[in-house]
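What follows is a short report on a single structure.
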Amino acid sequence: MKYKTIYFAGGCFWGVQKFFDQFDGVIETEVGYANGEKRDPSYFDVCHASGHAETVKVVYDENVIGLEALLKYYFMIIDPVSYNRQGADSGIQYRTGIYYTDAEDLPVIEAYYNKLEQDELRQSGEYFAVELKPLECFYPAEEEHQKYLYKNPGGYCHIFPKYFKLNDSEKAKR
């Protein structure tokens, strides 16, 4: 069976990884650094202007969860009009972005993005700061960052704790 992959930059990658891990159809996640200049950066490099975004690679089975559902969940946990900031974290490494490797995904991403942005413009007059780009590069983060919030349950996260139990509430509705 062939799985699909999408990359989400949504601020600190610790919480974004834990958030996506909960959904049926998400096969695996990996935190890393995307779309920056330096080859194979370290966390230190990323925190000191390497240009990379903290990003989560999401491998999923589209027969169980589709790209549009993943996009819906992604936009639940970010402030799409915030530039280089999510929660208390600020800097270029905390920018938001949707990075794709399959050109066939772009029309789905753009349609979803454009509808949401139009709704936001009607409500607040603000444009989205979320990048929509092909993935240029992705370097896995160091092991201590993989599944960080599982290893450190009290670790900082900009995502509201209730969002880590969405899949439980969706299963209860069935």
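Chain labels run A, B, ... following the order of the structure tokens; each chain numbers its residues from 1, and ligands are numbered from 1 in the order shown.
Secondary structure of stretch 82-129 of chain A, helix (DSSP H, G or I) only (DSSP, backbone atoms): Ile92, Gln93, Tyr94, Ala103, Glu104, Asp105, Leu106, Pro107, Val108, Ile109, Glu110, Ala111, Tyr112, Tyr113, Asn114, Lys115, Leu116, Glu117, Gln118, Asp119, Glu120, Leu121, Arg122, Gln123 and Ser124 of chain A.
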Restricting it to N, CA and C atoms, dump the selection as a PDB file, in the first residue's frame.
```pdb
ATOM      1  N   ILE A  92      11.647  33.138  12.726  1.00  0.00           N
ATOM      2  CA  ILE A  92      11.373  32.543  11.417  1.00  0.00           C
ATOM      3  C   ILE A  92      11.154  31.025  11.502  1.00  0.00           C
ATOM      4  N   GLN A  93      11.797  30.368  12.490  1.00  0.00           N
ATOM      5  CA  GLN A  93      11.645  28.918  12.621  1.00  0.00           C
ATOM      6  C   GLN A  93      10.244  28.528  13.066  1.00  0.00           C
ATOM      7  N   TYR A  94       9.462  29.494  13.556  1.00  0.00           N
ATOM      8  CA  TYR A  94       8.098  29.210  14.016  1.00  0.00           C
ATOM      9  C   TYR A  94       7.037  29.666  13.012  1.00  0.00           C
ATOM     10  N   ALA A 103       2.585  17.278  -6.561  1.00  0.00           N
ATOM     11  CA  ALA A 103       1.939  18.423  -7.210  1.00  0.00           C
ATOM     12  C   ALA A 103       0.425  18.251  -7.308  1.00  0.00           C
ATOM     13  N   GLU A 104      -0.051  17.006  -7.305  1.00  0.00           N
ATOM     14  CA  GLU A 104      -1.491  16.766  -7.360  1.00  0.00           C
ATOM     15  C   GLU A 104      -2.197  17.229  -6.083  1.00  0.00           C
ATOM     16  N   ASP A 105      -1.454  17.413  -5.004  1.00  0.00           N
ATOM     17  CA  ASP A 105      -2.045  17.892  -3.755  1.00  0.00           C
ATOM     18  C   ASP A 105      -2.291  19.397  -3.760  1.00  0.00           C
ATOM     19  N   LEU A 106      -1.563  20.123  -4.590  1.00  0.00           N
ATOM     20  CA  LEU A 106      -1.649  21.588  -4.570  1.00  0.00           C
ATOM     21  C   LEU A 106      -3.068  22.118  -4.805  1.00  0.00           C
ATOM     22  N   PRO A 107      -3.827  21.638  -5.788  1.00  0.00           N
ATOM     23  CA  PRO A 107      -5.188  22.168  -5.959  1.00  0.00           C
ATOM     24  C   PRO A 107      -6.073  21.978  -4.721  1.00  0.00           C
ATOM     25  N   VAL A 108      -5.935  20.858  -4.029  1.00  0.00           N
ATOM     26  CA  VAL A 108      -6.708  20.609  -2.809  1.00  0.00           C
ATOM     27  C   VAL A 108      -6.281  21.603  -1.730  1.00  0.00           C
ATOM     28  N   ILE A 109      -4.972  21.769  -1.582  1.00  0.00           N
ATOM     29  CA  ILE A 109      -4.442  22.692  -0.572  1.00  0.00           C
ATOM     30  C   ILE A 109      -4.896  24.115  -0.873  1.00  0.00           C
ATOM     31  N   GLU A 110      -4.734  24.548  -2.118  1.00  0.00           N
ATOM     32  CA  GLU A 110      -5.102  25.919  -2.486  1.00  0.00           C
ATOM     33  C   GLU A 110      -6.596  26.181  -2.315  1.00  0.00           C
ATOM     34  N   ALA A 111      -7.423  25.245  -2.705  1.00  0.00           N
ATOM     35  CA  ALA A 111      -8.875  25.435  -2.574  1.00  0.00           C
ATOM     36  C   ALA A 111      -9.259  25.598  -1.108  1.00  0.00           C
ATOM     37  N   TYR A 112      -8.727  24.733  -0.251  1.00  0.00           N
ATOM     38  CA  TYR A 112      -9.037  24.811   1.178  1.00  0.00           C
ATOM     39  C   TYR A 112      -8.514  26.109   1.767  1.00  0.00           C
ATOM     40  N   TYR A 113      -7.280  26.428   1.479  1.00  0.00           N
ATOM     41  CA  TYR A 113      -6.621  27.639   1.968  1.00  0.00           C
ATOM     42  C   TYR A 113      -7.384  28.902   1.532  1.00  0.00           C
ATOM     43  N   ASN A 114      -7.694  28.976   0.241  1.00  0.00           N
ATOM     44  CA  ASN A 114      -8.359  30.174  -0.290  1.00  0.00           C
ATOM     45  C   ASN A 114      -9.734  30.393   0.317  1.00  0.00           C
ATOM     46  N   LYS A 115     -10.484  29.317   0.523  1.00  0.00           N
ATOM     47  CA  LYS A 115     -11.794  29.469   1.150  1.00  0.00           C
ATOM     48  C   LYS A 115     -11.648  29.991   2.573  1.00  0.00           C
ATOM     49  N   LEU A 116     -10.743  29.401   3.343  1.00  0.00           N
ATOM     50  CA  LEU A 116     -10.527  29.866   4.717  1.00  0.00           C
ATOM     51  C   LEU A 116     -10.033  31.311   4.760  1.00  0.00           C
ATOM     52  N   GLU A 117      -9.115  31.643   3.865  1.00  0.00           N
ATOM     53  CA  GLU A 117      -8.580  33.008   3.858  1.00  0.00           C
ATOM     54  C   GLU A 117      -9.663  34.019   3.498  1.00  0.00           C
ATOM     55  N   GLN A 118     -10.528  33.676   2.562  1.00  0.00           N
ATOM     56  CA  GLN A 118     -11.632  34.576   2.217  1.00  0.00           C
ATOM     57  C   GLN A 118     -12.549  34.779   3.408  1.00  0.00           C
ATOM     58  N   ASP A 119     -12.838  33.712   4.148  1.00  0.00           N
ATOM     59  CA  ASP A 119     -13.666  33.839   5.350  1.00  0.00           C
ATOM     60  C   ASP A 119     -12.980  34.752   6.373  1.00  0.00           C
ATOM     61  N   GLU A 120     -11.672  34.590   6.554  1.00  0.00           N
ATOM     62  CA  GLU A 120     -10.910  35.418   7.496  1.00  0.00           C
ATOM     63  C   GLU A 120     -10.915  36.887   7.054  1.00  0.00           C
ATOM     64  N   LEU A 121     -10.763  37.115   5.761  1.00  0.00           N
ATOM     65  CA  LEU A 121     -10.777  38.487   5.251  1.00  0.00           C
ATOM     66  C   LEU A 121     -12.118  39.158   5.510  1.00  0.00           C
ATOM     67  N   ARG A 122     -13.195  38.401   5.333  1.00  0.00           N
ATOM     68  CA  ARG A 122     -14.523  38.963   5.602  1.00  0.00           C
ATOM     69  C   ARG A 122     -14.680  39.305   7.083  1.00  0.00           C
ATOM     70  N   GLN A 123     -14.096  38.480   7.952  1.00  0.00           N
ATOM     71  CA  GLN A 123     -14.254  38.687   9.393  1.00  0.00           C
ATOM     72  C   GLN A 123     -13.289  39.721   9.958  1.00  0.00           C
ATOM     73  N   SER A 124     -12.029  39.655   9.573  1.00  0.00           N
ATOM     74  CA  SER A 124     -11.036  40.516  10.224  1.00  0.00           C
ATOM     75  C   SER A 124     -10.252  41.403   9.274  1.00  0.00           C
TER      76      SER A 124
END
```
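Those residues in stretch 32-146 of chain A carrying a DSSP assignment of strand (DSSP E or B), computed from the backbone, are Gly32, Tyr33, Ala34, Ala53, Glu54, Thr55, Val56, Lys57, Val58, Val59, Tyr60, Arg85, Gln86, Asp89, Ser90, Thr96, Gly97, Ile98, Tyr99, Tyr100, Glu131, Leu132, Lys133, Pro134, Phe138, Tyr139 and Pro140 of chain A.
Ranking A:Tyr3, A:Tyr148, A:Phe13, A:Tyr33 by their shortest atom-to-atom distance to A:Leu67, with only C-alpha atoms included, puts A:Tyr3 first.
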Residue neighbourhood A:Phe138, 7 Å, only C-alpha atoms, exclusion window fewer than 2 positions, as JSON, numbers by chain: {"A": [32, 33, 34, 35, 140]}
Could you pull the residues within 10 Å of A:Asp102, counting only C-alpha atoms, minus those fewer than 6 positions along the same chain, as a PyMOL selection string? chain A and resi 4-6+134-135
Can you check which parts of stretch 22-59 of chain A lie within 12 Å of stretch 73-80 of chain A? Per residue, the shortest pair of atoms and distance in Å to one decimal, counting only C-alpha atoms, sorted by chain and number, as a Markdown table.
```
| residue | atom | partner | partner_atom | distance |
| --- | --- | --- | --- | --- |
| A:Gln22 | CA | A:Tyr73 | CA | 11.0 |
| A:Phe23 | CA | A:Tyr73 | CA | 9.7 |
| A:Val56 | CA | A:Tyr74 | CA | 10.9 |
| A:Val58 | CA | A:Tyr74 | CA | 11.2 |
```
Write the residues of the preceding selection, restricted to C-alpha atoms, as a PDB file, in the first residue's frame.
```pdb
ATOM      1  CA  GLN A  22      -3.783  10.983  17.455  1.00  0.00           C
ATOM      2  CA  PHE A  23      -5.657  10.519  14.187  1.00  0.00           C
ATOM      3  CA  VAL A  56       6.249  17.858  11.032  1.00  0.00           C
ATOM      4  CA  VAL A  58       2.937  13.447   8.313  1.00  0.00           C
TER       5      VAL A  58
END
```
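The protein and nucleic acid residues lying at most 9 Å from A:Gly11 are A:Gly15, A:Val16, A:Ala53, A:Glu54, A:Thr55, A:Ile78, A:Asn84, A:Arg85, A:Gln86, A:Gly87, A:Asp89, A:Ser90, A:Gln93, A:Tyr94, A:Arg95, A:Thr96, A:His158, with only C-alpha atoms considered and sequence neighbours fewer than 4 positions away removed.
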